[in-house]
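Participant: File my_file-v2.txt below, compact mmCIF, C-alpha atoms:
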# COMPACT_ATOMS: atom_id res chain seq x y z
CA MET S 5 -16.71 34.03 -17.00
CA SER S 6 -13.63 32.52 -15.42
CA GLN S 7 -10.35 34.35 -15.80
CA ASN S 8 -8.55 31.10 -16.56
CA GLY S 9 -11.05 29.82 -19.13
CA LEU S 10 -12.13 26.66 -17.27
CA ASN S 11 -14.75 27.62 -14.70
CA PRO S 12 -15.20 30.08 -11.82
CA ARG S 13 -14.25 27.44 -9.26
CA THR S 14 -10.59 27.67 -10.22
CA ASP S 15 -10.67 31.43 -9.63
CA LEU S 16 -12.14 30.81 -6.19
CA ALA S 17 -9.55 28.09 -5.51
CA VAL S 18 -6.77 30.53 -6.36
CA LYS S 19 -8.34 33.03 -3.99
CA TYR S 20 -8.39 30.45 -1.18
CA LEU S 21 -4.76 29.54 -1.84
CA LYS S 22 -3.61 33.16 -1.86
CA GLU S 23 -5.48 33.93 1.36
CA ALA S 24 -4.15 30.87 3.18
CA ASP S 25 -1.52 31.16 5.89
CA ALA S 26 -0.71 27.46 5.57
CA LEU S 27 -1.03 24.82 2.87
CA LEU S 28 -1.57 21.11 3.48
CA ILE S 29 -1.09 18.92 0.42
CA GLY S 30 -2.73 15.51 0.68
CA ALA S 31 -1.89 13.16 -2.17
CA GLY S 32 -3.08 9.73 -3.24
CA ALA S 33 -2.58 7.43 -6.20
CA GLY S 34 -4.62 9.72 -8.46
CA LEU S 35 -1.88 12.34 -8.32
CA SER S 36 0.80 9.99 -9.56
CA ALA S 37 -1.57 8.70 -12.23
CA ALA S 38 -2.09 12.27 -13.44
CA ALA S 39 1.68 12.68 -13.52
CA GLY S 40 2.04 9.67 -15.83
CA PHE S 41 2.34 6.77 -13.37
CA ASP S 42 -1.00 5.06 -13.98
CA PHE S 43 -1.24 1.63 -12.32
CA THR S 44 -4.47 0.84 -14.21
CA ASP S 45 -3.04 1.21 -17.73
CA ARG S 46 -3.36 -2.19 -19.41
CA THR S 47 -1.66 -1.25 -22.68
CA VAL S 48 1.57 -0.08 -21.07
CA PHE S 49 1.53 -3.08 -18.70
CA ALA S 50 1.21 -5.55 -21.59
CA LYS S 51 4.13 -3.87 -23.36
CA ASN S 52 6.47 -3.67 -20.37
CA TYR S 53 5.45 -6.84 -18.51
CA PRO S 54 4.49 -9.39 -21.21
CA GLY S 55 5.59 -12.23 -18.95
CA MET S 56 2.91 -11.32 -16.40
CA LEU S 57 -0.02 -11.78 -18.79
CA GLN S 58 0.15 -15.60 -18.66
CA TYR S 59 -0.70 -15.48 -14.94
CA GLY S 60 -3.84 -13.41 -15.50
CA PHE S 61 -2.42 -10.04 -14.45
CA LYS S 62 -3.58 -7.16 -16.65
CA CYS S 63 -2.24 -4.03 -14.97
CA LYS S 64 0.00 -2.95 -12.09
CA LEU S 65 -2.96 -2.51 -9.79
CA ASP S 66 -3.49 -6.29 -9.90
CA MET S 67 -0.17 -6.76 -8.10
CA MET S 68 -0.73 -4.17 -5.38
CA GLY S 69 -0.72 -5.99 -2.04
CA ASN S 70 -0.76 -9.37 -3.82
CA PHE S 71 1.37 -11.81 -1.84
CA SER S 72 -0.27 -14.92 -3.25
CA VAL S 73 2.45 -15.38 -5.88
CA PRO S 74 5.80 -17.16 -5.33
CA GLN S 75 8.74 -15.06 -4.11
CA GLU S 76 10.56 -15.37 -7.44
CA LEU S 77 7.56 -13.88 -9.28
CA LEU S 78 6.88 -11.29 -6.58
CA TRP S 79 10.44 -10.00 -6.77
CA GLY S 80 10.67 -10.53 -10.53
CA TYR S 81 7.83 -8.05 -10.92
CA TYR S 82 8.73 -5.57 -8.18
CA LEU S 83 12.40 -5.22 -9.14
CA GLN S 84 11.34 -3.77 -12.50
CA HIS S 85 8.33 -1.91 -11.14
CA VAL S 86 10.29 -0.15 -8.41
CA ARG S 87 13.14 0.80 -10.71
CA GLU S 88 10.84 2.56 -13.18
CA THR S 89 8.48 3.97 -10.54
CA ARG S 90 10.93 5.11 -7.84
CA PHE S 91 14.38 5.61 -9.36
CA ILE S 92 13.91 7.18 -12.80
CA LYS S 93 15.43 10.65 -12.45
CA GLY S 94 14.05 13.94 -13.72
CA GLU S 95 11.46 16.48 -12.69
CA ASN S 96 7.77 16.01 -13.36
CA LYS S 97 5.59 18.90 -14.58
CA THR S 98 2.58 18.04 -12.37
CA TYR S 99 4.70 17.83 -9.24
CA GLN S 100 6.55 21.00 -10.20
CA ASP S 101 3.22 22.83 -10.35
CA LEU S 102 2.49 21.54 -6.84
CA LEU S 103 5.94 22.65 -5.71
CA ALA S 104 5.27 26.17 -7.02
CA LEU S 105 2.07 26.28 -4.97
CA ALA S 106 3.88 25.02 -1.88
CA GLN S 107 6.72 27.49 -2.20
CA SER S 108 4.32 30.36 -2.77
CA ARG S 109 2.85 29.66 0.68
CA LYS S 110 6.18 28.70 2.33
CA ASN S 111 4.33 27.24 5.33
CA TYR S 112 3.31 23.89 3.87
CA PHE S 113 3.27 20.19 4.65
CA VAL S 114 2.70 17.08 2.54
CA ILE S 115 1.06 13.81 3.52
CA THR S 116 0.99 11.17 0.81
CA THR S 117 0.09 7.51 0.55
CA ASN S 118 2.29 7.19 -2.53
CA ALA S 119 5.49 5.20 -2.07
CA ASP S 120 7.12 6.46 -5.27
CA GLY S 121 9.17 9.30 -3.76
CA LEU S 122 7.98 11.80 -6.37
CA PHE S 123 7.71 14.63 -3.84
CA GLU S 124 11.29 14.05 -2.73
CA ARG S 125 12.50 13.70 -6.32
CA ASN S 126 10.82 17.01 -7.24
CA ASN S 127 12.65 18.98 -4.56
CA PHE S 128 10.02 19.24 -1.85
CA ASP S 129 11.55 19.75 1.58
CA GLN S 130 11.99 16.24 3.00
CA GLU S 131 11.32 17.59 6.50
CA ARG S 132 7.83 18.57 5.31
CA ILE S 133 6.78 15.18 3.89
CA PHE S 134 5.04 12.33 5.73
CA THR S 135 4.62 9.01 3.91
CA PRO S 136 2.65 6.72 6.25
CA GLN S 137 2.51 3.91 3.70
CA GLY S 138 6.30 3.70 3.41
CA ASP S 139 8.64 4.15 0.46
CA TYR S 140 9.91 1.89 -2.30
CA LYS S 141 13.47 3.03 -1.55
CA LEU S 142 13.67 0.77 1.53
CA ALA S 143 13.43 -2.99 2.14
CA GLN S 144 12.78 -4.93 5.33
CA CYS S 145 12.49 -8.43 6.76
CA LEU S 146 9.04 -9.96 6.28
CA THR S 147 9.04 -11.62 9.70
CA PRO S 148 10.18 -8.98 10.77
CA CYS S 149 13.11 -10.12 12.88
CA SER S 150 14.14 -6.51 13.66
CA GLN S 151 13.23 -2.89 12.99
CA ASP S 152 16.07 -2.61 10.46
CA THR S 153 15.55 -1.36 6.90
CA TRP S 154 18.04 -1.10 4.05
CA ALA S 155 18.40 0.48 0.62
CA VAL S 156 16.53 -1.11 -2.29
CA GLU S 157 18.53 0.38 -5.17
CA PRO S 158 21.56 -1.94 -4.71
CA ILE S 159 19.14 -4.90 -4.62
CA ILE S 160 17.69 -3.83 -7.96
CA GLU S 161 21.16 -3.50 -9.48
CA GLN S 162 22.11 -6.97 -8.25
CA TYR S 163 18.95 -8.94 -8.96
CA LEU S 164 17.13 -7.32 -11.89
CA PRO S 165 19.54 -8.83 -14.46
CA LEU S 166 18.49 -12.25 -13.14
CA VAL S 167 14.82 -11.78 -14.09
CA ASN S 168 13.57 -13.88 -17.02
CA LYS S 169 11.42 -11.53 -19.13
CA ALA S 170 9.45 -14.41 -20.62
CA THR S 171 8.24 -15.51 -17.19
CA GLN S 172 8.94 -12.30 -15.18
CA ARG S 173 10.46 -14.60 -12.57
CA LEU S 174 13.69 -14.17 -10.70
CA SER S 175 16.07 -17.14 -10.95
CA PRO S 176 15.06 -19.89 -8.47
CA ASN S 177 16.41 -19.45 -4.93
CA LYS S 178 17.83 -16.04 -5.83
CA ASP S 179 15.22 -13.83 -4.12
CA PRO S 180 16.72 -11.29 -1.68
CA LYS S 181 17.09 -12.51 1.90
CA CYS S 182 17.15 -10.67 5.21
CA PRO S 183 20.78 -9.98 6.16
CA ASN S 184 19.95 -10.63 9.82
CA CYS S 185 17.92 -13.88 9.82
CA GLY S 186 18.14 -15.10 6.23
CA GLY S 187 14.36 -15.06 5.84
CA PRO S 188 12.25 -13.54 3.04
CA THR S 189 12.24 -9.78 2.56
CA PHE S 190 10.05 -7.22 0.87
CA LEU S 191 9.74 -3.50 0.37
CA ASN S 192 9.11 -1.28 3.39
CA VAL S 193 5.54 -0.47 2.33
CA ARG S 194 2.42 -1.01 4.40
CA GLY S 195 1.03 -4.34 3.29
CA GLY S 196 0.38 -6.19 6.53
CA ALA S 197 1.21 -6.48 10.23
CA TRP S 198 4.84 -7.07 9.27
CA PHE S 199 5.30 -3.43 8.19
CA VAL S 200 8.22 -1.74 9.98
CA GLU S 201 6.99 1.66 11.17
CA LYS S 202 10.29 2.95 12.54
CA PRO S 203 11.50 4.95 9.48
CA TRP S 204 8.24 6.94 9.43
CA LEU S 205 7.71 7.77 13.09
CA GLU S 206 9.69 11.01 12.91
CA GLY S 207 7.68 12.17 9.89
CA SER S 208 4.48 11.41 11.77
CA LEU S 209 5.62 13.53 14.72
CA ARG S 210 6.56 16.44 12.44
CA PHE S 211 3.20 16.23 10.67
CA HIS S 212 1.14 16.26 13.85
CA LYS S 213 3.27 19.07 15.28
CA TRP S 214 2.60 21.11 12.14
CA LEU S 215 -1.14 20.42 12.44
CA THR S 216 -1.10 21.55 16.06
CA GLN S 217 0.82 24.74 15.25
CA ASN S 218 -1.62 25.59 12.45
CA GLY S 219 -4.77 24.25 14.07
CA ARG S 220 -6.70 27.56 13.90
CA ALA S 221 -4.88 29.15 10.98
CA LYS S 222 -6.28 29.80 7.53
CA ILE S 223 -5.37 26.43 6.02
CA ALA S 224 -5.89 25.49 2.40
CA VAL S 225 -6.15 21.70 2.25
CA LEU S 226 -5.25 20.74 -1.31
CA GLU S 227 -6.18 17.07 -1.64
CA VAL S 228 -5.32 15.37 -4.92
CA GLY S 229 -6.27 11.89 -6.07
CA SER S 230 -7.15 10.35 -2.71
CA GLY S 231 -9.96 7.83 -2.97
CA PHE S 232 -11.32 5.07 -0.75
CA ASN S 233 -8.60 2.41 -0.83
CA THR S 234 -6.93 3.90 2.25
CA PRO S 235 -9.08 6.96 3.10
CA MET S 236 -7.91 7.00 6.73
CA TRP S 237 -4.57 8.57 5.78
CA VAL S 238 -5.50 11.52 3.55
CA ARG S 239 -9.16 11.79 2.54
CA TRP S 240 -10.87 11.56 5.94
CA PRO S 241 -8.26 13.63 7.82
CA SER S 242 -8.58 16.34 5.17
CA GLU S 243 -12.31 16.49 5.78
CA LYS S 244 -11.81 16.52 9.55
CA ILE S 245 -9.45 19.51 9.40
CA VAL S 246 -12.07 21.53 7.53
CA ARG S 247 -14.81 20.27 9.83
CA VAL S 248 -13.11 21.43 13.06
CA ASN S 249 -11.40 24.58 11.74
CA PRO S 250 -13.79 27.21 10.34
CA ASN S 251 -10.80 28.98 8.76
CA ALA S 252 -9.85 25.94 6.66
CA ARG S 253 -10.85 25.31 3.05
CA LEU S 254 -10.82 21.98 1.23
CA LEU S 255 -9.81 21.87 -2.43
CA ARG S 256 -10.47 18.32 -3.62
CA ILE S 257 -9.21 17.21 -7.04
CA ASN S 258 -10.38 13.71 -7.92
CA LEU S 259 -11.46 12.21 -11.24
CA HIS S 260 -13.49 9.41 -9.69
CA HIS S 261 -14.53 10.60 -6.23
CA PRO S 262 -14.76 14.42 -6.19
CA GLU S 263 -17.75 14.54 -3.84
CA VAL S 264 -17.49 16.20 -0.42
CA PRO S 265 -19.69 15.69 2.67
CA GLU S 266 -22.65 18.04 2.92
CA ASP S 267 -21.62 19.47 6.29
CA ILE S 268 -18.39 20.95 4.86
CA ALA S 269 -19.60 21.66 1.31
CA HIS S 270 -19.80 25.40 2.00
CA HIS S 271 -16.06 25.39 2.86
CA SER S 272 -15.03 23.15 -0.03
CA LEU S 273 -14.41 23.09 -3.75
CA SER S 274 -14.23 19.91 -5.80
CA PHE S 275 -12.84 19.23 -9.25
CA ALA S 276 -13.52 16.13 -11.35
CA GLU S 277 -11.18 17.35 -14.10
CA PRO S 278 -7.67 15.87 -14.63
CA ALA S 279 -5.38 16.83 -11.77
CA ASN S 280 -2.51 17.88 -14.01
CA GLU S 281 -4.77 20.43 -15.75
CA ILE S 282 -6.19 21.88 -12.54
CA LEU S 283 -2.79 22.09 -10.82
CA SER S 284 -1.33 23.86 -13.83
CA LEU S 285 -4.10 26.47 -13.69
CA LEU S 286 -3.74 26.93 -9.94
CA ALA S 287 0.02 27.31 -10.15
CA ALA S 288 -0.33 29.93 -12.90
CA GLY S 289 -2.98 31.78 -10.90
CA CYS S 290 -0.80 31.91 -7.79
CA GLU S 291 2.32 33.24 -9.50
Take the structure in the file and write it out as structure tokens.

Facilitator:
Amino acid sequence: MSQNGLNPRTDLAVKYLKEADALLIGAGAGLSAAAGFDFTDRTVFAKNYPGMLQYGFKCKLDMMGNFSVPQELLWGYYLQHVRETRFIKGENKTYQDLLALAQSRKNYFVITTNADGLFERNNFDQERIFTPQGDYKLAQCLTPCSQDTWAVEPIIEQYLPLVNKATQRLSPNKDPKCPNCGGPTFLNVRGGAWFVEKPWLEGSLRFHKWLTQNGRAKIAVLEVGSGFNTPMWVRWPSEKIVRVNPNARLLRINLHHPEVPEDIAHHSLSFAEPANEILSLLAAGCE
């Protein structure tokens, strides 16, 4: 019988975490969904974005990477989406549980495909976070005419009042322009060859340095909510770490894709239960 009342795997996961000399947290969209930021929720989307329904959009996921719409609709949607996803203040219980696990190990690093800044906003050390997909807090030229990026929050403050809620469109010819060339702009998130890598190169170097320093250590790889949309950033590297380091253990939490490859199954644990529930149990067990 499990000490925590769920199943013996959580007891074993706590054991792996306590024994670890280093903790790598790999996070995908499933983590933010568990924390209340679910891009597939149709009910909330219909309530908050009624103007989008007339175009056939049913949830936020429909707009991810969708550049087929006019600039005034693209920005009309993203101004509101980014404000509520990236700039709402306050701590989040699920991320605070993760922070407790990270601080209990001290030697930790985070790699996340999420652009919502929730790790930063929940007081994780910014020097220990790598976000290869970018961050909603920055904008860039879509050409791009330079490697420059700039803050998004002032853009939201200036342009969001100009969005027509009935159509979710920004006023015609009012979409933000590049301050250098006057061309179209967008968020500094990986959506095509135009993505400006410069802001994230330092984080990449720190991440790979950390991996090198801990290459043979007892690493607990805590992977949460990383599926197959962009598996090359979190899911597959997590598996590789466990594959090449016999001292590493993979703890995979994923509602939809909890499976692990057979060759590392003996060094892995998987959970198909809600991430917020599992993380709460793990944080309590590691106190």

Participant: Which one of S:Glu266, S:Asp25, S:Asp45, S:Glu76 sits closest to Cys63 (chain S) if you count all atoms listed in the file?

Facilitator: S:Asp45

Participant: What's the 9 Å shell around region 56-60 of chain S, counting all atoms listed in the file, without same-chain residues fewer than 2 positions away, as a PDB file with C-alpha atoms, in the coordinates of the input?

Facilitator:
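Result file is around.pdb:
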ATOM      1  CA  PHE S  49       1.530  -3.080 -18.700  1.00  0.00           C
ATOM      2  CA  ALA S  50       1.210  -5.550 -21.590  1.00  0.00           C
ATOM      3  CA  TYR S  53       5.450  -6.840 -18.510  1.00  0.00           C
ATOM      4  CA  PRO S  54       4.490  -9.390 -21.210  1.00  0.00           C
ATOM      5  CA  LYS S  62      -3.580  -7.160 -16.650  1.00  0.00           C
ATOM      6  CA  CYS S  63      -2.240  -4.030 -14.970  1.00  0.00           C
ATOM      7  CA  LEU S  77       7.560 -13.880  -9.280  1.00  0.00           C
ATOM      8  CA  TYR S  81       7.830  -8.050 -10.920  1.00  0.00           C
ATOM      9  CA  LYS S 169      11.420 -11.530 -19.130  1.00  0.00           C
ATOM     10  CA  ALA S 170       9.450 -14.410 -20.620  1.00  0.00           C
ATOM     11  CA  THR S 171       8.240 -15.510 -17.190  1.00  0.00           C
ATOM     12  CA  GLN S 172       8.940 -12.300 -15.180  1.00  0.00           C
TER      13      GLN S 172
END

Participant: Just the number, please: distance in Å from CA of Ser72 (chain S) to CA of Gly195 (chain S), one decimal.

Facilitator: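 Answer for the CA of Ser72 (chain S) to CA of Gly195 (chain S) separation: 12.5 Å.
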
Participant: In Å to one decimal, how far is CA of Val114 (chain S) from CA of Gln100 (chain S)?

Facilitator: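 These two atoms are separated by 13.9 Å.
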
Participant: State, in Å with one decimal place, the distance from CA of Arg109 (chain S) to CA of Asp15 (chain S).

Facilitator: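 Result for CA of Arg109 (chain S) versus CA of Asp15 (chain S): 17.1 Å, one decimal.
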
Participant: For Leu283 (chain S), find every residue with an atom within 12 Å (counting all atoms listed in the file), except residues of its own chain fewer than 2 positions away, and show them as a PyMOL selection string.

Facilitator: chain S and resi 14+17-18+21+29+35+38-39+97-106+226-229+255-258+275+277-281+285-290

Participant: Of the residues S:Leu146, S:Leu209, S:Ala252, S:Ala119, which is the one nearest to Ala197 (chain S), using only C-alpha atoms?

Facilitator: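 Using only C-alpha atoms, the shortest distance to Ala197 (chain S) belongs to S:Leu146.
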
Participant: Closest to Arg239 (chain S) among S:Gly94, S:Gly138, S:Gly196, S:Pro265, using only C-alpha atoms?

Facilitator: S:Pro265

Participant: Between S:Ala31, S:Pro250, S:Lys244, S:Lys110, which one has atoms that come closest to Arg220 (chain S), using all atoms listed in the file?

Facilitator: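 Among the listed residues, the smallest separation from Arg220 (chain S) belongs to S:Pro250.
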
Participant: Need the shell around Gly187 (chain S): protein/DNA/RNA residues with any atom at most 10 Å away, counting all atoms listed in the file. Skip same-chain ones fewer than 6 positions apart. Format as a PyMOL selection string?

Facilitator: chain S and resi 145-149+180-181

Participant: When you count all atoms listed in the file, which of these residues is closest to Asn233 (chain S): S:Asn168, S:Thr216, S:Thr117, S:Gln144?

Facilitator: S:Thr117

Participant: What are the centre and edge lengths in Å, to one decimal, of the axis-aligned box around all listed atoms of region 259-263 of chain S with 5 Å added on each side, as JSON?

Facilitator:
{"center_x": -14.6, "center_y": 12.0, "center_z": -7.5, "size_x": 16.3, "size_y": 15.1, "size_z": 17.4}
